[in-house]
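Chemist: Below you'll find the structure I mean.
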Amino acid sequence: AGEGLPTLTVTTILEDPYVMVRGAELEGYCMELLAALAGMLRFQYRVRVVGDGQYGAVAAGGNWSGMIGEILRREADIAVAPLTVTSAREEVVSFTTPFLQTGIGILLRKDTASQDMSFFHFLSPFSKETWTALLFAYLLTCFCLFLVARLSPCEWNEPKNEENHFTFLNSLWFGAGALALQGATPRPQALSVRVIAVVWWLFTLALLAAYIANFTALLSSGSEQLPIQTFEDLVKQRNLEFGTLEGSSTFYYFKNSKNPIHQMIYEYMEKRREHVLVKTYQEAVQRVMDSNYAFIGESISQDLAAARHCNLIRAPEVIGARGFGIATTQASPWTKPLSIAVLKLRESGDLDYLRNKWWETSCLRQSRERWGPLEPPALGGLFLTLGIGLALGILAALAELSSSSRRAAAHAKKSCCSVFTEEICTRLRIKGAARQSQETSGKANA
């Protein structure tokens with residue numbers, strides 16, 4: 001308070017967290033916003049709670065109720081509250097720049113909105129494309145193990161006299177054992193085979209970590225099980241009643257909308273208005289928690305309800321983008337200064353600070369957008385690392401075989417290429433090519 005400063009009468013409405021009663025004082029988002037504006041524009045204020053508990057709508061006789069009516073009757077100078085800017089209200093009063101952006105959403109209780117988990121819900125952490133890529137990577141790695149174990153002389157020294165333990169079935173078993181974090185025989189001996197085995201182990205370790213983390217998040221989250229994702233889903237279902245605040249801008253949004261789905265919602269609420277329309281926001285939240293009821297209202301207020309009550313959740317779809325503004329009388333000298341002050345508070349980050357302060361949550365909830373199935377691009381680095389490891393393993397096996405072939409060719413005084421080709425054919429059991437290589441070698445010696 002300061003002597004000589006103008007005094008404004010402010011009308012508001014009790015709604016958590018905008019305006020709340022704490023003892024003999026009022027507190028909340030709007031109270032802190034009002035104090036900041038008063039400090040910037042140098043005015044005093046008296047706050048009064050709206051008498052009829054309404055935001056403002058046109059009655060049957062053409063008179064306005066709620067906070068809009070009090071401003072028109074000059075009972076208040078400004079209205080600082082979660083008051084939505086609409087064309088009908090703008091015709092009779094003036095609004096400042098919106099201090100909060102919102103829309104229309106659906107508030108649900110998790111246990112009434114959730115559906116039973118699929119029998120194959122354990123596949124949900126990864127998308128279908130990721131599972132397909134994983135299967136391909138598994139088969140390719142096992143084939144590379146089988147191939148490199150045959151090519152490497154360090155793994156299979158005497159192909160004519162010894163049996164190779166890395167058969168294709170054993171390679172499949174070895175790869176599956178790594179997926180389950182279990183050791184499996186045969187144990188690789190050659191460097192090339194070990195390179196592929198180590199890369200596959202690292203790949204499966206990171207993959208399993210991603211799977212377990214995502215699966216845990218999906219189990220703790222409720223949004224991925226919501227059958228009601230949109231307003232069309234809400235209209236089609238028959239298990240939940242739905243409604244909104246009586247006389248609110250949300251009710252008139254559906255009344256004036258030309259969208260067929262919105263018209264169906266309005267007709268439903270109009271026919272059952274005595275049963276589905278609620279008087280206050282607190283009543284709406286309590287009804288959602290206590291019965292099979294879905295509340296249609298301001299999405300930003302629903303976010304707060306979901307933050308305060310962990311068994312509530314807001315459906316993903318939000319329609320009708322709008323904003324909360326400060327209402328003044330038409331031609332009021334305070335409209336433009338208040339708008340400029342709101343913009344300054346937004347630019348300085350003060351509005352974001354108030355938003356985070358009053359919407360703070362203790363619920364450990366994760367959204368569908370964050371914890372959805374992992375797509376292949378999210379694991380692209382893992383698959384790339386696996387591919388590079390497989391290539392290095394094959395190159396190492398060829399290098400080992402080439403070194404062994406050079407020593408054998410020098411000892412037998414044969415062509416290195418012929419010995420190398422003969423070794424590959426023998427190890428891969430290409431009999432016709434092996435005989436042709438031997439015949440060519442015999443002619444060269446003759």
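Please note that chains go A, B, ... in the order of the structure tokens, that every chain numbers its residues from 1, and that ligands are numbered from 1 in the order shown.
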Just the strand (DSSP E or B) stuff from stretch 47-296 of chain A, please, per backbone DSSP, written as a PyMOL selection string.

Modeler: chain A and resi 47-49+58+64+78-79+84+94-95+100-109+126+241-243+245+278+293-296

Chemist: Can you write out the residues you just picked, keeping N, CA, C and O atoms, as a compact mmCIF listing (two decimals), in the first residue's frame?

Modeler:
# COMPACT_ATOMS: atom_id res chain seq x y z
N VAL A 47 -9.27 -7.14 -3.39
CA VAL A 47 -9.72 -8.37 -4.08
C VAL A 47 -11.04 -8.83 -3.47
O VAL A 47 -11.19 -8.87 -2.24
N ARG A 48 -11.98 -9.16 -4.32
CA ARG A 48 -13.25 -9.73 -3.88
C ARG A 48 -13.55 -10.96 -4.74
O ARG A 48 -13.29 -10.98 -5.94
N VAL A 49 -14.07 -11.98 -4.08
CA VAL A 49 -14.45 -13.20 -4.80
C VAL A 49 -15.83 -13.00 -5.39
O VAL A 49 -16.73 -12.44 -4.74
N VAL A 58 -24.02 -15.10 -20.68
CA VAL A 58 -25.23 -14.31 -20.92
C VAL A 58 -26.44 -15.07 -20.39
O VAL A 58 -26.67 -16.23 -20.74
N TRP A 64 -25.33 -10.30 -18.11
CA TRP A 64 -24.17 -11.17 -17.90
C TRP A 64 -24.04 -11.53 -16.44
O TRP A 64 -24.26 -10.71 -15.54
N ILE A 78 -11.25 -4.62 -12.62
CA ILE A 78 -10.62 -5.65 -13.46
C ILE A 78 -10.94 -7.01 -12.88
O ILE A 78 -11.33 -7.14 -11.71
N ALA A 79 -10.79 -8.04 -13.72
CA ALA A 79 -10.97 -9.43 -13.29
C ALA A 79 -9.67 -10.17 -13.55
O ALA A 79 -9.25 -10.29 -14.71
N THR A 84 -11.29 -17.14 -19.71
CA THR A 84 -10.96 -17.39 -21.11
C THR A 84 -11.40 -16.23 -21.99
O THR A 84 -12.51 -15.70 -21.85
N SER A 94 -13.05 -5.56 -22.32
CA SER A 94 -11.75 -5.61 -22.99
C SER A 94 -10.85 -6.60 -22.26
O SER A 94 -10.96 -6.76 -21.03
N PHE A 95 -9.96 -7.24 -23.03
CA PHE A 95 -9.03 -8.20 -22.46
C PHE A 95 -7.60 -7.77 -22.74
O PHE A 95 -7.30 -7.17 -23.78
N LEU A 100 -1.76 -16.86 -19.86
CA LEU A 100 -1.61 -18.32 -19.92
C LEU A 100 -2.30 -18.83 -21.18
O LEU A 100 -3.39 -18.37 -21.53
N GLN A 101 -1.65 -19.78 -21.87
CA GLN A 101 -2.23 -20.41 -23.04
C GLN A 101 -2.78 -21.78 -22.65
O GLN A 101 -2.16 -22.51 -21.87
N THR A 102 -3.94 -22.10 -23.18
CA THR A 102 -4.57 -23.37 -22.83
C THR A 102 -5.40 -23.88 -24.00
O THR A 102 -5.33 -23.33 -25.10
N GLY A 103 -6.16 -24.92 -23.76
CA GLY A 103 -7.04 -25.50 -24.77
C GLY A 103 -8.10 -26.32 -24.05
O GLY A 103 -8.27 -26.21 -22.83
N ILE A 104 -8.82 -27.15 -24.79
CA ILE A 104 -9.87 -27.98 -24.21
C ILE A 104 -9.41 -29.43 -24.26
O ILE A 104 -9.05 -29.94 -25.32
N GLY A 105 -9.41 -30.07 -23.10
CA GLY A 105 -8.97 -31.46 -23.02
C GLY A 105 -9.97 -32.32 -22.27
O GLY A 105 -11.03 -31.85 -21.85
N ILE A 106 -9.62 -33.59 -22.08
CA ILE A 106 -10.48 -34.56 -21.40
C ILE A 106 -9.73 -35.10 -20.19
O ILE A 106 -8.64 -35.66 -20.33
N LEU A 107 -10.30 -34.96 -19.01
CA LEU A 107 -9.71 -35.47 -17.78
C LEU A 107 -10.38 -36.78 -17.42
O LEU A 107 -11.61 -36.87 -17.34
N LEU A 108 -9.56 -37.82 -17.18
CA LEU A 108 -10.06 -39.17 -16.92
C LEU A 108 -9.41 -39.74 -15.68
O LEU A 108 -8.33 -39.30 -15.26
N ARG A 109 -10.06 -40.74 -15.11
CA ARG A 109 -9.42 -41.52 -14.07
C ARG A 109 -8.78 -42.74 -14.71
O ARG A 109 -9.38 -43.39 -15.56
N PHE A 126 9.53 -52.28 -28.01
CA PHE A 126 10.12 -52.06 -29.32
C PHE A 126 9.02 -52.06 -30.38
O PHE A 126 8.01 -52.77 -30.25
N GLU A 241 -19.75 -41.23 -18.51
CA GLU A 241 -20.48 -39.99 -18.73
C GLU A 241 -19.47 -38.86 -18.88
O GLU A 241 -18.34 -38.96 -18.38
N PHE A 242 -19.86 -37.80 -19.54
CA PHE A 242 -18.94 -36.67 -19.68
C PHE A 242 -19.71 -35.36 -19.68
O PHE A 242 -20.87 -35.29 -20.09
N GLY A 243 -19.05 -34.33 -19.18
CA GLY A 243 -19.68 -33.01 -19.10
C GLY A 243 -18.62 -31.95 -18.86
O GLY A 243 -17.42 -32.22 -18.84
N LEU A 245 -18.14 -27.50 -17.17
CA LEU A 245 -18.67 -26.50 -16.25
C LEU A 245 -19.88 -25.81 -16.87
O LEU A 245 -19.85 -25.39 -18.02
N VAL A 278 -21.39 -29.54 -14.20
CA VAL A 278 -20.99 -29.31 -12.81
C VAL A 278 -20.92 -27.81 -12.55
O VAL A 278 -20.79 -27.00 -13.47
N TYR A 293 -16.84 -40.84 -14.81
CA TYR A 293 -17.14 -39.52 -15.37
C TYR A 293 -15.88 -38.95 -15.99
O TYR A 293 -14.77 -39.05 -15.42
N ALA A 294 -16.02 -38.35 -17.17
CA ALA A 294 -14.92 -37.66 -17.85
C ALA A 294 -15.26 -36.18 -17.90
O ALA A 294 -16.36 -35.81 -18.32
N PHE A 295 -14.30 -35.37 -17.49
CA PHE A 295 -14.52 -33.93 -17.43
C PHE A 295 -13.86 -33.24 -18.62
O PHE A 295 -12.67 -33.43 -18.89
N ILE A 296 -14.62 -32.45 -19.35
CA ILE A 296 -14.12 -31.67 -20.48
C ILE A 296 -13.90 -30.24 -20.00
O ILE A 296 -14.84 -29.58 -19.55

Chemist: With 7 Å as the cut-off and only C-alpha atoms counted, what is the closest atom pair between each nearby residue of stretch 198-244 of chain A and stretch 386-403 of chain A? Distances in Å to one decimal, ordered by chain and number, as a Markdown table.

Modeler:
| residue | atom | partner | partner_atom | distance |
| --- | --- | --- | --- | --- |
| A:Val199 | CA | A:Gly389 | CA | 5.7 |
| A:Trp200 | CA | A:Leu386 | CA | 6.5 |
| A:Phe203 | CA | A:Leu386 | CA | 6.5 |

Chemist: If you take only C-alpha atoms and a cut-off of 9 Å, which residues of stretch 280-368 of chain A touch stretch 25-36 of chain A, and what are their nearest atom pairs and distances in Å to one decimal, in chain and number order, as JSON lines?

Modeler:
{"residue": "A:Ala341", "atom": "CA", "partner": "A:Ala36", "partner_atom": "CA", "distance": 8.9}
{"residue": "A:Val342", "atom": "CA", "partner": "A:Leu33", "partner_atom": "CA", "distance": 8.8}
{"residue": "A:Leu345", "atom": "CA", "partner": "A:Ala36", "partner_atom": "CA", "distance": 8.4}
{"residue": "A:Leu351", "atom": "CA", "partner": "A:Leu33", "partner_atom": "CA", "distance": 8.1}
{"residue": "A:Leu354", "atom": "CA", "partner": "A:Tyr29", "partner_atom": "CA", "distance": 6.4}
{"residue": "A:Arg355", "atom": "CA", "partner": "A:Tyr29", "partner_atom": "CA", "distance": 7.6}
{"residue": "A:Lys357", "atom": "CA", "partner": "A:Tyr29", "partner_atom": "CA", "distance": 8.6}
{"residue": "A:Trp358", "atom": "CA", "partner": "A:Tyr29", "partner_atom": "CA", "distance": 6.5}

Chemist: Using the selection just defined, write its residues with N, CA and C atoms as a JSON list (two decimals), in the first residue's frame.

Modeler:
[["chain", "number", "residue", "atom", "x", "y", "z"],
["A", 341, "ALA", "N", 2.56, -4.86, -19.37],
["A", 341, "ALA", "CA", 3.18, -5.45, -18.18],
["A", 341, "ALA", "C", 3.19, -6.98, -18.27],
["A", 342, "VAL", "N", 2.10, -7.57, -18.78],
["A", 342, "VAL", "CA", 2.06, -9.02, -18.96],
["A", 342, "VAL", "C", 3.13, -9.49, -19.94],
["A", 345, "LEU", "N", 6.49, -9.44, -18.21],
["A", 345, "LEU", "CA", 6.63, -10.59, -17.32],
["A", 345, "LEU", "C", 6.92, -11.87, -18.10],
["A", 351, "LEU", "N", 6.50, -15.36, -15.81],
["A", 351, "LEU", "CA", 5.30, -16.17, -16.00],
["A", 351, "LEU", "C", 5.64, -17.66, -16.03],
["A", 354, "LEU", "N", 6.18, -18.75, -12.42],
["A", 354, "LEU", "CA", 4.91, -18.96, -11.70],
["A", 354, "LEU", "C", 4.23, -20.25, -12.16],
["A", 355, "ARG", "N", 4.30, -20.51, -13.45],
["A", 355, "ARG", "CA", 3.70, -21.74, -13.99],
["A", 355, "ARG", "C", 4.35, -22.98, -13.37],
["A", 357, "LYS", "N", 6.02, -23.13, -10.58],
["A", 357, "LYS", "CA", 5.84, -23.14, -9.14],
["A", 357, "LYS", "C", 4.50, -23.72, -8.73],
["A", 358, "TRP", "N", 3.43, -23.29, -9.39],
["A", 358, "TRP", "CA", 2.10, -23.69, -8.96],
["A", 358, "TRP", "C", 1.61, -24.97, -9.61]]

Chemist: DSSP says helix (DSSP H, G or I) for which residues of stretch 42-267 of chain A? Put them as an NGL selection string?

Modeler: :A and (66-72 or 87-90 or 110-113 or 121-123 or 128-151 or 168-179 or 191-220 or 223-225 or 231-236 or 249-256 or 260-267)

Chemist: Kindly export the residues of the current selection with C-alpha atoms, as an mmCIF file, in the first residue's frame.

Modeler:
data_model
loop_
_atom_site.group_PDB
_atom_site.id
_atom_site.type_symbol
_atom_site.label_atom_id
_atom_site.label_comp_id
_atom_site.auth_asym_id
_atom_site.auth_seq_id
_atom_site.Cartn_x
_atom_site.Cartn_y
_atom_site.Cartn_z
ATOM 1 C CA GLY A 66 -20.176 -13.889 -12.985
ATOM 2 C CA MET A 67 -17.056 -11.750 -13.176
ATOM 3 C CA ILE A 68 -18.031 -10.285 -16.569
ATOM 4 C CA GLY A 69 -21.297 -9.074 -15.078
ATOM 5 C CA GLU A 70 -19.527 -7.439 -12.138
ATOM 6 C CA ILE A 71 -17.230 -5.515 -14.495
ATOM 7 C CA LEU A 72 -20.181 -4.380 -16.618
ATOM 8 C CA SER A 87 -15.458 -13.289 -28.919
ATOM 9 C CA ALA A 88 -18.718 -12.950 -26.948
ATOM 10 C CA ARG A 89 -16.934 -11.597 -23.888
ATOM 11 C CA GLU A 90 -14.686 -9.372 -26.007
ATOM 12 C CA LYS A 110 -6.794 -44.081 -14.990
ATOM 13 C CA ASP A 111 -8.614 -47.186 -13.829
ATOM 14 C CA THR A 112 -11.861 -46.258 -15.607
ATOM 15 C CA ALA A 113 -10.108 -45.256 -18.828
ATOM 16 C CA HIS A 121 2.303 -56.632 -24.202
ATOM 17 C CA PHE A 122 5.874 -57.724 -23.549
ATOM 18 C CA LEU A 123 6.636 -56.788 -27.172
ATOM 19 C CA LYS A 128 7.647 -53.972 -35.171
ATOM 20 C CA GLU A 129 10.457 -52.550 -37.294
ATOM 21 C CA THR A 130 12.877 -52.806 -34.373
ATOM 22 C CA TRP A 131 11.945 -56.434 -33.680
ATOM 23 C CA THR A 132 12.420 -57.235 -37.373
ATOM 24 C CA ALA A 133 15.819 -55.535 -37.401
ATOM 25 C CA LEU A 134 16.798 -57.406 -34.218
ATOM 26 C CA LEU A 135 15.884 -60.775 -35.760
ATOM 27 C CA PHE A 136 17.866 -59.943 -38.894
ATOM 28 C CA ALA A 137 20.869 -58.840 -36.791
ATOM 29 C CA TYR A 138 20.717 -62.080 -34.793
ATOM 30 C CA LEU A 139 20.655 -64.308 -37.887
ATOM 31 C CA LEU A 140 23.364 -62.279 -39.621
ATOM 32 C CA THR A 141 25.642 -62.405 -36.573
ATOM 33 C CA CYS A 142 25.200 -66.162 -36.180
ATOM 34 C CA PHE A 143 25.951 -66.666 -39.872
ATOM 35 C CA CYS A 144 29.096 -64.520 -39.542
ATOM 36 C CA LEU A 145 30.190 -66.592 -36.542
ATOM 37 C CA PHE A 146 29.650 -69.760 -38.539
ATOM 38 C CA LEU A 147 31.511 -68.359 -41.564
ATOM 39 C CA VAL A 148 34.460 -66.863 -39.692
ATOM 40 C CA ALA A 149 34.908 -69.990 -37.566
ATOM 41 C CA ARG A 150 35.293 -71.975 -40.771
ATOM 42 C CA LEU A 151 37.631 -69.509 -42.471
ATOM 43 C CA PHE A 168 25.290 -73.153 -37.852
ATOM 44 C CA LEU A 169 23.043 -74.618 -35.143
ATOM 45 C CA ASN A 170 25.770 -74.139 -32.535
ATOM 46 C CA SER A 171 26.241 -70.568 -33.750
ATOM 47 C CA LEU A 172 22.502 -69.948 -33.291
ATOM 48 C CA TRP A 173 22.751 -71.392 -29.780
ATOM 49 C CA PHE A 174 25.765 -69.210 -28.993
ATOM 50 C CA GLY A 175 23.936 -66.052 -30.134
ATOM 51 C CA ALA A 176 20.790 -66.953 -28.181
ATOM 52 C CA GLY A 177 22.856 -67.521 -25.040
ATOM 53 C CA ALA A 178 24.243 -63.986 -25.316
ATOM 54 C CA LEU A 179 20.688 -62.581 -25.641
ATOM 55 C CA LEU A 191 40.773 -63.527 -32.635
ATOM 56 C CA SER A 192 38.334 -63.008 -35.504
ATOM 57 C CA VAL A 193 35.635 -65.111 -33.840
ATOM 58 C CA ARG A 194 36.235 -63.412 -30.519
ATOM 59 C CA VAL A 195 35.863 -59.976 -32.118
ATOM 60 C CA ILE A 196 32.412 -60.897 -33.420
ATOM 61 C CA ALA A 197 31.464 -62.521 -30.088
ATOM 62 C CA VAL A 198 32.503 -59.459 -28.053
ATOM 63 C CA VAL A 199 30.658 -57.048 -30.348
ATOM 64 C CA TRP A 200 27.536 -59.210 -30.157
ATOM 65 C CA TRP A 201 27.785 -59.328 -26.346
ATOM 66 C CA LEU A 202 28.032 -55.525 -26.150
ATOM 67 C CA PHE A 203 25.120 -55.191 -28.564
ATOM 68 C CA THR A 204 22.871 -57.516 -26.554
ATOM 69 C CA LEU A 205 23.859 -55.847 -23.259
ATOM 70 C CA ALA A 206 22.837 -52.378 -24.492
ATOM 71 C CA LEU A 207 19.733 -53.803 -26.157
ATOM 72 C CA LEU A 208 18.561 -55.554 -23.002
ATOM 73 C CA ALA A 209 19.152 -52.389 -20.962
ATOM 74 C CA ALA A 210 16.997 -50.390 -23.393
ATOM 75 C CA TYR A 211 14.283 -53.073 -23.366
ATOM 76 C CA ILE A 212 14.107 -53.324 -19.570
ATOM 77 C CA ALA A 213 14.078 -49.540 -19.098
ATOM 78 C CA ASN A 214 11.368 -48.991 -21.701
ATOM 79 C CA PHE A 215 9.251 -51.911 -20.520
ATOM 80 C CA THR A 216 9.392 -50.670 -16.916
ATOM 81 C CA ALA A 217 8.335 -47.189 -18.047
ATOM 82 C CA LEU A 218 5.460 -48.601 -20.094
ATOM 83 C CA LEU A 219 4.190 -50.586 -17.119
ATOM 84 C CA SER A 220 4.316 -47.542 -14.814
ATOM 85 C CA SER A 223 -1.377 -43.164 -21.162
ATOM 86 C CA GLU A 224 -0.383 -45.951 -23.549
ATOM 87 C CA GLN A 225 -3.394 -47.990 -22.348
ATOM 88 C CA PHE A 231 -13.043 -36.523 -28.496
ATOM 89 C CA GLU A 232 -14.332 -38.913 -31.157
ATOM 90 C CA ASP A 233 -13.331 -41.847 -28.939
ATOM 91 C CA LEU A 234 -15.192 -40.198 -26.058
ATOM 92 C CA VAL A 235 -18.396 -39.916 -28.091
ATOM 93 C CA LYS A 236 -18.241 -43.523 -29.329
ATOM 94 C CA SER A 249 -16.662 -20.923 -22.372
ATOM 95 C CA THR A 250 -16.024 -24.629 -23.011
ATOM 96 C CA PHE A 251 -19.770 -25.321 -23.042
ATOM 97 C CA TYR A 252 -20.392 -22.535 -25.546
ATOM 98 C CA TYR A 253 -17.434 -23.649 -27.652
ATOM 99 C CA PHE A 254 -19.184 -26.956 -28.341
ATOM 100 C CA LYS A 255 -22.540 -25.201 -28.758
ATOM 101 C CA ASN A 256 -21.215 -22.896 -31.484
ATOM 102 C CA PRO A 260 -20.157 -32.952 -36.154
ATOM 103 C CA ILE A 261 -18.277 -34.571 -33.265
ATOM 104 C CA HIS A 262 -18.463 -31.354 -31.240
ATOM 105 C CA GLN A 263 -22.176 -31.055 -31.999
ATOM 106 C CA MET A 264 -22.741 -34.586 -30.699
ATOM 107 C CA ILE A 265 -20.913 -33.672 -27.490
ATOM 108 C CA TYR A 266 -23.036 -30.534 -27.063
ATOM 109 C CA GLU A 267 -26.301 -32.405 -27.684
#

Chemist: From the options A:Glu270, A:Glu360, A:Glu422, A:Glu155, which residue's atoms come nearest to A:Arg308, counting only C-alpha atoms?

Modeler: A:Glu360

Chemist: How many Å lie between atom CA of A:Thr328 and atom CA of A:Val50, rounded to one decimal?

Modeler: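 Going from atom CA of A:Thr328 over to atom CA of A:Val50 covers 14.8 Å.
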
Chemist: Could you check the closest approach to A:Gly53 for each of A:Trp156, A:Tyr18, A:Tyr281, A:Tyr268 and tell me which residue wins, using only C-alpha atoms?

Modeler: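 When distances to A:Gly53 are compared using only C-alpha atoms, the smallest one comes from A:Tyr281.
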
Chemist: Name the residues in contact with stretch 3-9 of chain A at a cut-off of 7 Å, using only C-alpha atoms, excluding same-chain residues fewer than 6 positions from it; report them as a list in words.

Modeler: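 What passes the distance filter is Arg42, Phe43, Gln44, Tyr45, Arg46, Val47, Ala76, Asp77 and Ile78 of chain A.
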
Chemist: Limited to all heavy atoms, could you put the picked residues into a file as a PDB file, in the first residue's frame?

Modeler:
ATOM      1  N   ARG A  42       2.278   0.481 -10.270  1.00  0.00           N
ATOM      2  CA  ARG A  42       2.083   1.381  -9.130  1.00  0.00           C
ATOM      3  C   ARG A  42       0.601   1.633  -8.840  1.00  0.00           C
ATOM      4  O   ARG A  42       0.074   2.727  -9.018  1.00  0.00           O
ATOM      5  CB  ARG A  42       2.801   2.720  -9.354  1.00  0.00           C
ATOM      6  CG  ARG A  42       4.282   2.606  -9.665  1.00  0.00           C
ATOM      7  CD  ARG A  42       5.068   2.142  -8.445  1.00  0.00           C
ATOM      8  NE  ARG A  42       4.974   3.122  -7.374  1.00  0.00           N
ATOM      9  CZ  ARG A  42       5.333   2.878  -6.114  1.00  0.00           C
ATOM     10  NH1 ARG A  42       5.762   1.665  -5.786  1.00  0.00           N
ATOM     11  NH2 ARG A  42       5.240   3.829  -5.202  1.00  0.00           N
ATOM     12  N   PHE A  43      -0.093   0.598  -8.421  1.00  0.00           N
ATOM     13  CA  PHE A  43      -1.474   0.786  -7.981  1.00  0.00           C
ATOM     14  C   PHE A  43      -1.733  -0.126  -6.786  1.00  0.00           C
ATOM     15  O   PHE A  43      -1.044  -1.125  -6.572  1.00  0.00           O
ATOM     16  CB  PHE A  43      -2.482   0.508  -9.104  1.00  0.00           C
ATOM     17  CG  PHE A  43      -2.513  -0.919  -9.595  1.00  0.00           C
ATOM     18  CD1 PHE A  43      -3.255  -1.904  -8.940  1.00  0.00           C
ATOM     19  CD2 PHE A  43      -1.808  -1.277 -10.744  1.00  0.00           C
ATOM     20  CE1 PHE A  43      -3.281  -3.212  -9.399  1.00  0.00           C
ATOM     21  CE2 PHE A  43      -1.835  -2.584 -11.220  1.00  0.00           C
ATOM     22  CZ  PHE A  43      -2.573  -3.550 -10.546  1.00  0.00           C
ATOM     23  N   GLN A  44      -2.733   0.249  -5.991  1.00  0.00           N
ATOM     24  CA  GLN A  44      -3.212  -0.583  -4.898  1.00  0.00           C
ATOM     25  C   GLN A  44      -4.428  -1.366  -5.388  1.00  0.00           C
ATOM     26  O   GLN A  44      -5.047  -1.015  -6.396  1.00  0.00           O
ATOM     27  CB  GLN A  44      -3.605   0.267  -3.687  1.00  0.00           C
ATOM     28  CG  GLN A  44      -2.479   1.144  -3.147  1.00  0.00           C
ATOM     29  CD  GLN A  44      -2.953   1.978  -1.968  1.00  0.00           C
ATOM     30  OE1 GLN A  44      -3.020   1.493  -0.848  1.00  0.00           O
ATOM     31  NE2 GLN A  44      -3.294   3.232  -2.232  1.00  0.00           N
ATOM     32  N   TYR A  45      -4.802  -2.406  -4.654  1.00  0.00           N
ATOM     33  CA  TYR A  45      -5.953  -3.197  -5.105  1.00  0.00           C
ATOM     34  C   TYR A  45      -6.667  -3.828  -3.916  1.00  0.00           C
ATOM     35  O   TYR A  45      -6.073  -4.084  -2.872  1.00  0.00           O
ATOM     36  CB  TYR A  45      -5.513  -4.281  -6.096  1.00  0.00           C
ATOM     37  CG  TYR A  45      -4.455  -5.225  -5.578  1.00  0.00           C
ATOM     38  CD1 TYR A  45      -4.805  -6.394  -4.897  1.00  0.00           C
ATOM     39  CD2 TYR A  45      -3.099  -4.962  -5.769  1.00  0.00           C
ATOM     40  CE1 TYR A  45      -3.843  -7.270  -4.418  1.00  0.00           C
ATOM     41  CE2 TYR A  45      -2.133  -5.824  -5.304  1.00  0.00           C
ATOM     42  CZ  TYR A  45      -2.511  -6.985  -4.639  1.00  0.00           C
ATOM     43  OH  TYR A  45      -1.550  -7.836  -4.166  1.00  0.00           O
ATOM     44  N   ARG A  46      -7.953  -4.024  -4.124  1.00  0.00           N
ATOM     45  CA  ARG A  46      -8.792  -4.774  -3.193  1.00  0.00           C
ATOM     46  C   ARG A  46      -9.366  -5.955  -3.960  1.00  0.00           C
ATOM     47  O   ARG A  46      -9.903  -5.792  -5.071  1.00  0.00           O
ATOM     48  CB  ARG A  46      -9.942  -3.909  -2.649  1.00  0.00           C
ATOM     49  CG  ARG A  46      -9.532  -2.767  -1.746  1.00  0.00           C
ATOM     50  CD  ARG A  46     -10.762  -2.164  -1.041  1.00  0.00           C
ATOM     51  NE  ARG A  46     -11.760  -1.726  -2.028  1.00  0.00           N
ATOM     52  CZ  ARG A  46     -11.813  -0.503  -2.534  1.00  0.00           C
ATOM     53  NH1 ARG A  46     -10.933   0.397  -2.144  1.00  0.00           N
ATOM     54  NH2 ARG A  46     -12.733  -0.180  -3.409  1.00  0.00           N
ATOM     55  N   VAL A  47      -9.273  -7.140  -3.392  1.00  0.00           N
ATOM     56  CA  VAL A  47      -9.722  -8.368  -4.076  1.00  0.00           C
ATOM     57  C   VAL A  47     -11.038  -8.826  -3.468  1.00  0.00           C
ATOM     58  O   VAL A  47     -11.185  -8.869  -2.240  1.00  0.00           O
ATOM     59  CB  VAL A  47      -8.664  -9.482  -3.969  1.00  0.00           C
ATOM     60  CG1 VAL A  47      -9.152 -10.743  -4.689  1.00  0.00           C
ATOM     61  CG2 VAL A  47      -7.342  -9.021  -4.558  1.00  0.00           C
ATOM     62  N   ALA A  76     -16.554  -3.972 -10.154  1.00  0.00           N
ATOM     63  CA  ALA A  76     -15.120  -4.265 -10.125  1.00  0.00           C
ATOM     64  C   ALA A  76     -14.475  -3.567 -11.310  1.00  0.00           C
ATOM     65  O   ALA A  76     -15.109  -3.344 -12.356  1.00  0.00           O
ATOM     66  CB  ALA A  76     -14.879  -5.771 -10.179  1.00  0.00           C
ATOM     67  N   ASP A  77     -13.201  -3.214 -11.138  1.00  0.00           N
ATOM     68  CA  ASP A  77     -12.459  -2.555 -12.222  1.00  0.00           C
ATOM     69  C   ASP A  77     -11.820  -3.561 -13.173  1.00  0.00           C
ATOM     70  O   ASP A  77     -11.820  -3.359 -14.395  1.00  0.00           O
ATOM     71  CB  ASP A  77     -11.371  -1.653 -11.623  1.00  0.00           C
ATOM     72  CG  ASP A  77     -11.957  -0.543 -10.768  1.00  0.00           C
ATOM     73  OD1 ASP A  77     -12.820   0.203 -11.287  1.00  0.00           O
ATOM     74  OD2 ASP A  77     -11.566  -0.423  -9.590  1.00  0.00           O
ATOM     75  N   ILE A  78     -11.252  -4.619 -12.621  1.00  0.00           N
ATOM     76  CA  ILE A  78     -10.615  -5.647 -13.460  1.00  0.00           C
ATOM     77  C   ILE A  78     -10.942  -7.015 -12.883  1.00  0.00           C
ATOM     78  O   ILE A  78     -11.334  -7.141 -11.708  1.00  0.00           O
ATOM     79  CB  ILE A  78      -9.076  -5.476 -13.538  1.00  0.00           C
ATOM     80  CG1 ILE A  78      -8.441  -5.603 -12.160  1.00  0.00           C
ATOM     81  CG2 ILE A  78      -8.706  -4.156 -14.194  1.00  0.00           C
ATOM     82  CD1 ILE A  78      -6.914  -5.578 -12.179  1.00  0.00           C
TER      83      ILE A  78
END

Chemist: When you draw a straight line from atom CA of A:Ile228 to atom CA of A:Val318, how long is it in Å?

Modeler: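 Computing the Euclidean distance for atom CA of A:Ile228 and atom CA of A:Val318 yields 12.5 Å.
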
Chemist: To one decimal place, how far is atom CA of A:Glu298 from atom CA of A:Ala284 in Å?

Modeler: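 Rounded to one decimal, the two atoms are 11.8 Å apart.
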